[in-house]
$ cat work09.pdb   # PDB, C-alpha atoms and all ligand atoms
ATOM      1  CA  MET A   1      40.002 -32.980  50.852
ATOM      2  CA  LYS A   2      36.231 -32.631  51.160
ATOM      3  CA  LYS A   3      34.647 -33.078  54.562
ATOM      4  CA  ILE A   4      32.837 -36.323  55.269
ATOM      5  CA  GLN A   5      30.386 -37.226  57.986
ATOM      6  CA  VAL A   6      29.985 -40.911  58.737
ATOM      7  CA  ALA A   7      26.900 -41.630  60.846
ATOM      8  CA  LEU A   8      27.486 -44.919  62.669
ATOM      9  CA  ASP A   9      24.465 -46.208  64.573
ATOM     10  CA  GLY A  10      23.662 -49.482  66.266
ATOM     11  CA  PRO A  11      22.937 -51.137  69.603
ATOM     12  CA  SER A  12      25.417 -51.195  72.474
ATOM     13  CA  GLY A  13      28.153 -53.798  72.101
ATOM     14  CA  SER A  14      27.954 -53.939  68.309
ATOM     15  CA  GLY A  15      31.579 -52.799  68.225
ATOM     16  CA  LYS A  16      30.909 -49.230  67.127
ATOM     17  CA  SER A  17      33.306 -47.493  69.456
ATOM     18  CA  SER A  18      36.399 -49.691  69.043
ATOM     19  CA  LEU A  19      35.923 -49.819  65.281
ATOM     20  CA  ALA A  20      35.249 -46.095  64.978
ATOM     21  CA  LYS A  21      38.326 -45.309  67.070
ATOM     22  CA  ARG A  22      40.638 -47.201  64.753
ATOM     23  CA  LEU A  23      38.888 -46.039  61.568
ATOM     24  CA  SER A  24      39.132 -42.420  62.682
ATOM     25  CA  ARG A  25      42.861 -42.770  63.296
ATOM     26  CA  ASP A  26      43.581 -44.515  60.008
ATOM     27  CA  LEU A  27      41.351 -42.317  57.845
ATOM     28  CA  GLY A  28      42.026 -38.954  59.495
ATOM     29  CA  LEU A  29      38.532 -38.310  60.884
ATOM     30  CA  TYR A  30      37.465 -37.179  64.334
ATOM     31  CA  TYR A  31      35.719 -39.920  66.266
ATOM     32  CA  ILE A  32      32.758 -38.628  68.278
ATOM     33  CA  ASP A  33      31.335 -41.010  70.868
ATOM     34  CA  THR A  34      27.885 -39.515  71.436
ATOM     35  CA  GLY A  35      26.962 -42.147  74.056
ATOM     36  CA  ALA A  36      29.599 -40.477  76.257
ATOM     37  CA  LEU A  37      27.610 -37.229  76.085
ATOM     38  CA  TYR A  38      24.421 -38.967  77.287
ATOM     39  CA  ARG A  39      26.454 -40.681  79.988
ATOM     40  CA  ALA A  40      27.814 -37.287  81.110
ATOM     41  CA  VAL A  41      24.244 -35.994  81.418
ATOM     42  CA  GLY A  42      23.354 -39.154  83.376
ATOM     43  CA  LEU A  43      26.268 -38.558  85.744
ATOM     44  CA  TYR A  44      25.293 -34.916  86.142
ATOM     45  CA  LEU A  45      21.693 -35.820  87.029
ATOM     46  CA  LYS A  46      22.808 -38.496  89.469
ATOM     47  CA  GLU A  47      25.083 -35.958  91.170
ATOM     48  CA  CYS A  48      22.177 -33.473  91.290
ATOM     49  CA  GLY A  49      20.300 -35.961  93.474
ATOM     50  CA  VAL A  50      17.229 -36.235  91.253
ATOM     51  CA  THR A  51      15.703 -39.611  90.336
ATOM     52  CA  PRO A  52      15.629 -40.756  86.679
ATOM     53  CA  GLU A  53      11.809 -40.793  86.857
ATOM     54  CA  ASP A  54      11.319 -37.219  88.104
ATOM     55  CA  VAL A  55      10.977 -35.437  84.754
ATOM     56  CA  SER A  56      10.242 -31.944  86.081
ATOM     57  CA  ALA A  57      13.202 -32.036  88.495
ATOM     58  CA  ILE A  58      15.405 -33.229  85.616
ATOM     59  CA  GLU A  59      14.211 -30.453  83.319
ATOM     60  CA  ALA A  60      14.966 -27.864  86.003
ATOM     61  CA  ALA A  61      18.413 -29.344  86.701
ATOM     62  CA  LEU A  62      19.354 -29.378  83.002
ATOM     63  CA  ALA A  63      19.356 -25.579  82.890
ATOM     64  CA  ASP A  64      22.819 -25.688  84.504
ATOM     65  CA  CYS A  65      24.166 -28.742  82.692
ATOM     66  CA  ARG A  66      27.131 -27.962  80.425
ATOM     67  CA  VAL A  67      28.386 -30.926  78.405
ATOM     68  CA  SER A  68      31.231 -30.509  75.935
ATOM     69  CA  PHE A  69      34.100 -32.489  74.475
ATOM     70  CA  ASP A  70      37.577 -31.926  73.204
ATOM     71  CA  PHE A  71      40.448 -34.042  71.957
ATOM     72  CA  VAL A  72      43.731 -35.048  73.540
ATOM     73  CA  ASP A  73      46.082 -36.909  71.172
ATOM     74  CA  GLY A  74      43.090 -37.615  68.933
ATOM     75  CA  ALA A  75      41.019 -39.150  71.738
ATOM     76  CA  GLN A  76      37.756 -37.596  72.892
ATOM     77  CA  ARG A  77      37.629 -36.226  76.430
ATOM     78  CA  THR A  78      34.115 -35.644  77.703
ATOM     79  CA  MET A  79      33.603 -32.661  79.979
ATOM     80  CA  LEU A  80      30.949 -31.689  82.471
ATOM     81  CA  ASP A  81      31.206 -28.017  83.298
ATOM     82  CA  GLY A  82      34.855 -28.111  82.248
ATOM     83  CA  ARG A  83      35.592 -31.185  84.439
ATOM     84  CA  ASP A  84      36.945 -34.227  82.570
ATOM     85  CA  VAL A  85      34.516 -37.065  83.379
ATOM     86  CA  SER A  86      35.687 -39.482  80.646
ATOM     87  CA  GLY A  87      36.574 -42.186  83.199
ATOM     88  CA  LEU A  88      33.726 -41.643  85.656
ATOM     89  CA  ILE A  89      31.024 -42.294  83.046
ATOM     90  CA  ARG A  90      32.262 -45.806  82.172
ATOM     91  CA  THR A  91      30.265 -47.755  84.744
ATOM     92  CA  PRO A  92      27.148 -49.954  84.384
ATOM     93  CA  GLU A  93      25.356 -47.616  86.810
ATOM     94  CA  ILE A  94      25.934 -44.563  84.628
ATOM     95  CA  ALA A  95      25.026 -46.614  81.525
ATOM     96  CA  GLN A  96      21.626 -47.219  83.119
ATOM     97  CA  TRP A  97      21.239 -43.534  83.996
ATOM     98  CA  ALA A  98      22.116 -42.601  80.411
ATOM     99  CA  SER A  99      19.717 -45.130  78.971
ATOM    100  CA  LYS A 100      16.822 -43.920  81.132
ATOM    101  CA  THR A 101      17.382 -40.190  80.818
ATOM    102  CA  SER A 102      18.295 -40.206  77.106
ATOM    103  CA  ALA A 103      14.620 -40.961  76.400
ATOM    104  CA  LEU A 104      13.674 -37.457  77.598
ATOM    105  CA  PRO A 105      13.171 -34.758  74.928
ATOM    106  CA  ALA A 106      14.906 -32.151  77.131
ATOM    107  CA  VAL A 107      18.056 -34.282  77.318
ATOM    108  CA  ARG A 108      18.109 -34.900  73.569
ATOM    109  CA  ALA A 109      17.520 -31.209  72.848
ATOM    110  CA  LEU A 110      20.404 -30.252  75.145
ATOM    111  CA  LEU A 111      22.852 -32.418  73.181
ATOM    112  CA  LEU A 112      21.645 -31.729  69.655
ATOM    113  CA  SER A 113      23.687 -28.661  68.793
ATOM    114  CA  VAL A 114      26.927 -29.807  70.459
ATOM    115  CA  GLN A 115      26.865 -32.810  68.096
ATOM    116  CA  ARG A 116      25.679 -31.010  64.946
ATOM    117  CA  ASP A 117      27.956 -27.998  65.292
ATOM    118  CA  PHE A 118      31.098 -30.085  65.476
ATOM    119  CA  ALA A 119      30.081 -32.315  62.562
ATOM    120  CA  ARG A 120      29.352 -29.297  60.381
ATOM    121  CA  GLU A 121      32.916 -28.017  60.707
ATOM    122  CA  ASN A 122      34.918 -31.250  60.688
ATOM    123  CA  SER A 123      35.257 -34.663  59.088
ATOM    124  CA  VAL A 124      33.798 -37.084  61.591
ATOM    125  CA  ILE A 125      32.730 -40.584  62.308
ATOM    126  CA  MET A 126      29.997 -40.183  64.867
ATOM    127  CA  ASP A 127      28.694 -43.147  66.798
ATOM    128  CA  GLY A 128      25.293 -43.246  68.467
ATOM    129  CA  ARG A 129      21.691 -44.375  68.061
ATOM    130  CA  ASP A 130      20.033 -41.588  66.061
ATOM    131  CA  ILE A 131      22.917 -40.026  64.145
ATOM    132  CA  GLY A 132      21.675 -41.115  60.708
ATOM    133  CA  THR A 133      17.995 -40.531  61.479
ATOM    134  CA  THR A 134      18.064 -37.295  63.506
ATOM    135  CA  ILE A 135      21.425 -35.654  64.197
ATOM    136  CA  LEU A 136      22.949 -35.853  60.689
ATOM    137  CA  PRO A 137      20.090 -36.837  58.373
ATOM    138  CA  ASP A 138      22.104 -35.547  55.382
ATOM    139  CA  ALA A 139      25.318 -37.418  56.229
ATOM    140  CA  PRO A 140      26.980 -38.662  53.013
ATOM    141  CA  LEU A 141      27.420 -42.089  54.593
ATOM    142  CA  LYS A 142      25.259 -43.894  57.152
ATOM    143  CA  ILE A 143      26.144 -47.272  58.571
ATOM    144  CA  PHE A 144      24.000 -49.423  60.867
ATOM    145  CA  LEU A 145      26.202 -51.838  62.776
ATOM    146  CA  THR A 146      24.710 -54.778  64.605
ATOM    147  CA  ALA A 147      25.427 -58.234  66.068
ATOM    148  CA  SER A 148      23.409 -60.826  68.023
ATOM    149  CA  ALA A 149      22.504 -59.957  71.635
ATOM    150  CA  GLU A 150      24.665 -62.785  73.068
ATOM    151  CA  GLU A 151      27.708 -61.852  71.024
ATOM    152  CA  ARG A 152      27.363 -58.200  72.020
ATOM    153  CA  ALA A 153      27.050 -59.134  75.704
ATOM    154  CA  ARG A 154      30.186 -61.325  75.482
ATOM    155  CA  ARG A 155      32.138 -58.384  74.050
ATOM    156  CA  ARG A 156      30.829 -55.967  76.684
ATOM    157  CA  LEU A 157      31.658 -58.413  79.490
ATOM    158  CA  LYS A 158      35.244 -58.681  78.245
ATOM    159  CA  GLU A 159      35.585 -54.873  78.183
ATOM    160  CA  LEU A 160      34.151 -54.471  81.694
ATOM    161  CA  LEU A 161      36.346 -57.250  83.145
ATOM    162  CA  GLU A 162      39.401 -55.704  81.526
ATOM    163  CA  ALA A 163      38.433 -52.384  83.109
ATOM    164  CA  GLY A 164      38.510 -54.144  86.503
ATOM    165  CA  GLN A 165      34.768 -54.323  87.123
ATOM    166  CA  GLU A 166      33.182 -57.326  88.829
ATOM    167  CA  ILE A 167      30.235 -58.437  86.754
ATOM    168  CA  ASP A 168      28.972 -61.685  85.189
ATOM    169  CA  PHE A 169      27.631 -62.584  81.751
ATOM    170  CA  GLU A 170      23.990 -62.965  82.835
ATOM    171  CA  THR A 171      23.942 -59.488  84.399
ATOM    172  CA  VAL A 172      25.548 -57.889  81.337
ATOM    173  CA  LEU A 173      23.073 -59.629  79.014
ATOM    174  CA  ARG A 174      20.054 -58.701  81.150
ATOM    175  CA  GLU A 175      21.063 -55.037  81.478
ATOM    176  CA  GLN A 176      21.867 -54.873  77.778
ATOM    177  CA  LYS A 177      18.435 -56.282  76.853
ATOM    178  CA  GLU A 178      16.758 -53.710  79.097
ATOM    179  CA  ARG A 179      18.748 -50.937  77.441
ATOM    180  CA  ASP A 180      18.102 -52.264  73.913
ATOM    181  CA  HIS A 181      14.400 -52.344  74.658
ATOM    182  CA  ARG A 182      14.378 -48.781  76.018
ATOM    183  CA  ASP A 183      16.561 -47.481  73.155
ATOM    184  CA  GLU A 184      14.343 -49.110  70.519
ATOM    185  CA  THR A 185      10.925 -48.270  71.945
ATOM    186  CA  ARG A 186      11.345 -44.713  73.212
ATOM    187  CA  GLU A 187       9.115 -42.205  71.463
ATOM    188  CA  ILE A 188      11.777 -39.687  70.565
ATOM    189  CA  SER A 189      14.748 -40.665  68.370
ATOM    190  CA  PRO A 190      14.521 -44.443  68.927
ATOM    191  CA  LEU A 191      17.363 -46.683  67.777
ATOM    192  CA  ARG A 192      16.397 -47.431  64.212
ATOM    193  CA  ARG A 193      18.228 -48.074  60.961
ATOM    194  CA  ALA A 194      17.921 -45.099  58.596
ATOM    195  CA  GLU A 195      16.448 -46.210  55.283
ATOM    196  CA  ASP A 196      19.604 -45.248  53.414
ATOM    197  CA  ALA A 197      22.029 -46.810  55.931
ATOM    198  CA  VAL A 198      24.362 -49.639  54.938
ATOM    199  CA  LEU A 199      23.712 -52.625  57.237
ATOM    200  CA  VAL A 200      26.778 -54.418  58.639
ATOM    201  CA  ASP A 201      26.252 -57.465  60.907
ATOM    202  CA  THR A 202      29.417 -58.358  62.844
ATOM    203  CA  THR A 203      28.130 -61.452  64.718
ATOM    204  CA  ALA A 204      30.362 -63.784  62.715
ATOM    205  CA  LEU A 205      33.170 -61.302  62.102
ATOM    206  CA  ASP A 206      36.189 -60.719  64.305
ATOM    207  CA  PHE A 207      37.512 -57.220  64.914
ATOM    208  CA  GLU A 208      39.867 -57.190  61.933
ATOM    209  CA  GLU A 209      37.197 -58.452  59.530
ATOM    210  CA  SER A 210      34.681 -55.882  60.809
ATOM    211  CA  TYR A 211      37.291 -53.151  60.485
ATOM    212  CA  LEU A 212      38.071 -54.073  56.886
ATOM    213  CA  ALA A 213      34.369 -54.260  55.969
ATOM    214  CA  LEU A 214      33.714 -50.770  57.347
ATOM    215  CA  ARG A 215      36.904 -49.316  55.944
ATOM    216  CA  ARG A 216      35.964 -50.501  52.461
ATOM    217  CA  VAL A 217      32.509 -48.886  52.695
ATOM    218  CA  ILE A 218      33.935 -45.576  53.953
ATOM    219  CA  GLU A 219      36.773 -45.373  51.431
ATOM    220  CA  GLU A 220      34.417 -46.094  48.558
ATOM    221  CA  ARG A 221      32.200 -43.248  49.702
ATOM    222  CA  MET A 222      35.136 -40.876  50.215
ATOM    223  CA  GLU A 223      36.357 -41.495  46.678
ATOM    224  CA  LYS A 224      33.002 -40.353  45.291
ATOM    225  CA  LEU A 225      32.858 -37.079  47.236
TER
HETATM  226  O1  LIG B 301      26.770 -46.152  73.550
HETATM  227  P1  LIG B 301      26.637 -46.052  75.081
HETATM  228  O2  LIG B 301      26.396 -47.383  75.731
HETATM  229  O3  LIG B 301      27.775 -45.314  75.708
HETATM  230  O4  LIG B 301      25.308 -45.171  75.307
HETATM  231  C1  LIG B 301      24.777 -44.929  76.576
HETATM  232  C2  LIG B 301      23.287 -44.693  76.457
HETATM  233  O5  LIG B 301      23.048 -43.449  75.803
HETATM  234  C3  LIG B 301      22.514 -45.748  75.656
HETATM  235  O6  LIG B 301      21.678 -46.528  76.484
HETATM  236  C4  LIG B 301      21.630 -44.989  74.716
HETATM  237  C5  LIG B 301      21.985 -43.557  74.883
HETATM  238  N1  LIG B 301      22.372 -42.958  73.609
HETATM  239  C6  LIG B 301      21.388 -42.349  72.876
HETATM  240  O7  LIG B 301      20.230 -42.371  73.282
HETATM  241  N2  LIG B 301      21.694 -41.711  71.718
HETATM  242  C7  LIG B 301      22.954 -41.689  71.264
HETATM  243  N3  LIG B 301      23.225 -41.044  70.143
HETATM  244  C8  LIG B 301      23.985 -42.336  71.987
HETATM  245  C9  LIG B 301      23.647 -42.975  73.163
END

$ encode --input "work09.pdb" --output "C-alpha cells" --more "lines below"
Ligand code: DC
Amino acid sequence: MKKIQVALDGPSGSGKSSLAKRLSRDLGLYYIDTGALYRAVGLYLKECGVTPEDVSAIEAALADCRVSFDFVDGAQRTMLDGRDVSGLIRTPEIAQWASKTSALPAVRALLLSVQRDFARENSVIMDGRDIGTTILPDAPLKIFLTASAEERARRRLKELLEAGQEIDFETVLREQKERDHRDETREISPLRRAEDAVLVDTTALDFEESYLALRRVIEERMEKL
C-alpha cells in the first residue's frame, strides 16, 4: 500500500486528537499528536526555571532540549531526554506554557525535523496547527477541523473533569480563547486553514458522525493514491 500523510489542523477542542486516534487505529496509520511535542518543550522550559517571556534564556536552554516520541501498543509516548512525560504534559498549566512558547521560531525549528522525518517514512495522521501549511505542505490530504468556541470548551471541560482536574467552564473557555488568539495571531506558523484543506465543522456533529465524515474523506483519498 502507498504511504499517505493526512495533515489534520484546527483549534484546540475541535476533536482532532480523539478522532485521529480512532481513525489511525481503524485505517492502519500512525497518529502523531504534535501538540504533545510543544507541551513537552513547555514542560522542559518550566523545569529549566526560565520565564515564557525571556526569549534569550529560552533559546539558550533549548540547546539541551531533546524531544522525541515512540509508540506503545499503537499509542504515542512523548519523551523528554528519554523520560516519558506523556502524563505530565496534560495539565492546563503546561497547555499555557506550550501556547506561549510555541510562538517562538527557535521552538518551532527544534520540532520541525522530528515531525517531518517520521512522516516521510510512515503513513500518518498528524494533528496540529501548521501541519498542512508548514510541516507537510505536500501532504496528499489536508483537513481543517473546527467547531464553535463554546462547543470546544464544553468538550475540553469534560476531558479535564474525567482526568480528575478541578476546573470550571468559564475558566476553560477563557483560557481556550486566549490560546486561540495566540495560535491565530502569532507571526510564525499561525493556525490557518491551508488553501487546499477540506473544511469539516463538527459543532453540530457527535463523535460518531464526525468520525464517519473524516473516514469518508480519508478513504476516498487513499483509493486515489
Ligand atoms: O493541541 P494542544 O492543545 O495539545 O497544543 C498545545 C499548544 O501547542 C497549542 O496552544 C498550540 C501549540 N501547537 C502548535 O503551535 N503547533 C502544533 N502543530 C501543535 C500545537

$ residues_around --input "work09.pdb" --residues "range 145-162 of chain A" --least-positions-apart "6" --cutoff "12 Å" --atoms "all atoms listed in the file" --output "number ranges by chain"
A: 7-20, 90-92, 127-129, 132, 168-181, 191-194, 197-207, 210-211, 213-214

$ residues_around --input "work09.pdb" --residues "Trp97 in chain A" --least-positions-apart "4" --cutoff "8 Å" --atoms "all atoms listed in the file" --output "PyMOL selection string"
chain A and resi 39+42-43+46+52+93+101

$ closest_residue --input "work09.pdb" --among "A:Arg221, A:Leu212, A:Arg186, A:Tyr44" --to "Ile58 in chain A" --atoms "only C-alpha atoms"
A:Tyr44

$ atom_distance --input "work09.pdb" --atom1 "CA of Ile89 in chain A" --atom2 "CA of Asn122 in chain A"
25.2 Å

$ closest_residue --input "work09.pdb" --among "A:Gly28, A:Pro190, A:Gly164, A:Pro137" --to "ligand LIG 301 (chain B)" --atoms "all atoms listed in the file"
A:Pro190

$ resolve_selection --input "work09.pdb" --expression "the PyMOL selection byres (((chain A and resi 107) around 10) and not hetatm)" --output "MDAnalysis selection string"
chainID A and resid 38 41:42 58:59 62 65 98 101:106 108:112

$ resolve_selection --input "work09.pdb" --expression "the PyMOL selection byres (((chain A and resi 119) around 12) and not hetatm)" --output "MDAnalysis selection string"
chainID A and resid 3:7 29:32 34 112:118 120:127 131 135:140

$ closest_residue --input "work09.pdb" --among "A:Leu225, A:Glu166, A:Leu37, A:Met79" --to "ligand LIG 301 (chain B)" --atoms "all atoms listed in the file"
A:Leu37

$ decode --input "work09.pdb" --residues "range 26-121 of chain A" --atoms "C-alpha atoms" --output "JSON list (two decimals), in the first residue's frame"
[["chain", "number", "residue", "atom", "x", "y", "z"],
["A", 26, "ASP", "CA", -9.06, 1.67, 12.03],
["A", 27, "LEU", "CA", -7.11, 2.73, 8.94],
["A", 28, "GLY", "CA", -3.66, 1.48, 9.95],
["A", 29, "LEU", "CA", -1.90, 4.86, 10.20],
["A", 30, "TYR", "CA", 0.34, 6.23, 12.92],
["A", 31, "TYR", "CA", -1.31, 9.02, 14.87],
["A", 32, "ILE", "CA", 1.11, 11.84, 15.71],
["A", 33, "ASP", "CA", -0.10, 14.35, 18.28],
["A", 34, "THR", "CA", 2.22, 17.29, 17.59],
["A", 35, "GLY", "CA", 0.68, 19.41, 20.38],
["A", 36, "ALA", "CA", 2.27, 16.90, 22.78],
["A", 37, "LEU", "CA", 5.70, 17.83, 21.40],
["A", 38, "TYR", "CA", 5.10, 21.55, 22.07],
["A", 39, "ARG", "CA", 3.80, 20.65, 25.51],
["A", 40, "ALA", "CA", 6.98, 18.65, 26.19],
["A", 41, "VAL", "CA", 9.06, 21.71, 25.27],
["A", 42, "GLY", "CA", 6.84, 23.81, 27.55],
["A", 43, "LEU", "CA", 7.41, 21.38, 30.42],
["A", 44, "TYR", "CA", 11.14, 21.36, 29.75],
["A", 45, "LEU", "CA", 11.33, 25.17, 29.84],
["A", 46, "LYS", "CA", 9.25, 25.35, 33.00],
["A", 47, "GLU", "CA", 11.60, 22.84, 34.65],
["A", 48, "CYS", "CA", 14.60, 24.90, 33.47],
["A", 49, "GLY", "CA", 13.28, 27.79, 35.57],
["A", 50, "VAL", "CA", 13.09, 30.31, 32.73],
["A", 51, "THR", "CA", 10.01, 32.51, 32.19],
["A", 52, "PRO", "CA", 7.95, 32.17, 28.98],
["A", 53, "GLU", "CA", 8.81, 35.81, 28.15],
["A", 54, "ASP", "CA", 12.60, 35.52, 28.43],
["A", 55, "VAL", "CA", 13.42, 34.68, 24.80],
["A", 56, "SER", "CA", 17.22, 34.66, 25.11],
["A", 57, "ALA", "CA", 17.15, 32.38, 28.17],
["A", 58, "ILE", "CA", 14.75, 30.07, 26.30],
["A", 59, "GLU", "CA", 16.98, 29.96, 23.23],
["A", 60, "ALA", "CA", 19.98, 29.06, 25.40],
["A", 61, "ALA", "CA", 18.02, 26.38, 27.27],
["A", 62, "LEU", "CA", 16.77, 24.77, 24.05],
["A", 63, "ALA", "CA", 20.29, 23.68, 23.13],
["A", 64, "ASP", "CA", 19.87, 20.78, 25.58],
["A", 65, "CYS", "CA", 16.22, 20.01, 24.88],
["A", 66, "ARG", "CA", 15.67, 16.55, 23.36],
["A", 67, "VAL", "CA", 12.07, 15.80, 22.43],
["A", 68, "SER", "CA", 11.15, 12.52, 20.76],
["A", 69, "PHE", "CA", 8.26, 10.09, 20.57],
["A", 70, "ASP", "CA", 7.68, 6.42, 20.16],
["A", 71, "PHE", "CA", 4.72, 4.06, 20.20],
["A", 72, "VAL", "CA", 3.49, 1.57, 22.77],
["A", 73, "ASP", "CA", 0.58, -0.59, 21.55],
["A", 74, "GLY", "CA", -0.04, 1.98, 18.82],
["A", 75, "ALA", "CA", -0.25, 4.91, 21.24],
["A", 76, "GLN", "CA", 2.24, 7.77, 21.14],
["A", 77, "ARG", "CA", 4.53, 8.21, 24.14],
["A", 78, "THR", "CA", 6.20, 11.60, 24.29],
["A", 79, "MET", "CA", 9.73, 11.70, 25.65],
["A", 80, "LEU", "CA", 11.91, 14.41, 27.09],
["A", 81, "ASP", "CA", 15.52, 13.31, 27.14],
["A", 82, "GLY", "CA", 14.34, 9.70, 27.14],
["A", 83, "ARG", "CA", 11.90, 10.30, 30.05],
["A", 84, "ASP", "CA", 8.24, 9.51, 29.30],
["A", 85, "VAL", "CA", 6.34, 12.74, 30.04],
["A", 86, "SER", "CA", 3.07, 11.78, 28.29],
["A", 87, "GLY", "CA", 1.05, 12.20, 31.51],
["A", 88, "LEU", "CA", 2.86, 15.21, 32.96],
["A", 89, "ILE", "CA", 2.12, 17.42, 29.93],
["A", 90, "ARG", "CA", -1.68, 17.06, 30.19],
["A", 91, "THR", "CA", -2.35, 19.99, 32.51],
["A", 92, "PRO", "CA", -3.82, 23.46, 31.82],
["A", 93, "GLU", "CA", -0.57, 24.98, 33.13],
["A", 94, "ILE", "CA", 1.56, 23.15, 30.57],
["A", 95, "ALA", "CA", -1.02, 23.96, 27.86],
["A", 96, "GLN", "CA", -0.40, 27.64, 28.59],
["A", 97, "TRP", "CA", 3.38, 27.15, 28.53],
["A", 98, "ALA", "CA", 3.07, 25.35, 25.18],
["A", 99, "SER", "CA", 0.84, 28.03, 23.74],
["A", 100, "LYS", "CA", 3.20, 30.84, 24.75],
["A", 101, "THR", "CA", 6.48, 29.21, 23.80],
["A", 102, "SER", "CA", 5.24, 27.62, 20.56],
["A", 103, "ALA", "CA", 5.15, 31.14, 19.09],
["A", 104, "LEU", "CA", 8.97, 31.29, 19.21],
["A", 105, "PRO", "CA", 10.87, 30.48, 15.99],
["A", 106, "ALA", "CA", 13.53, 28.56, 17.96],
["A", 107, "VAL", "CA", 10.90, 26.23, 19.42],
["A", 108, "ARG", "CA", 9.27, 25.61, 16.04],
["A", 109, "ALA", "CA", 12.66, 24.99, 14.41],
["A", 110, "LEU", "CA", 13.55, 22.47, 17.12],
["A", 111, "LEU", "CA", 10.45, 20.38, 16.38],
["A", 112, "LEU", "CA", 10.39, 20.63, 12.60],
["A", 113, "SER", "CA", 12.57, 17.68, 11.67],
["A", 114, "VAL", "CA", 11.24, 15.29, 14.33],
["A", 115, "GLN", "CA", 7.80, 15.71, 12.74],
["A", 116, "ARG", "CA", 8.87, 15.70, 9.08],
["A", 117, "ASP", "CA", 11.29, 12.79, 9.35],
["A", 118, "PHE", "CA", 8.70, 10.46, 10.80],
["A", 119, "ALA", "CA", 6.03, 11.46, 8.27],
["A", 120, "ARG", "CA", 8.41, 10.87, 5.38],
["A", 121, "GLU", "CA", 8.92, 7.23, 6.34]]
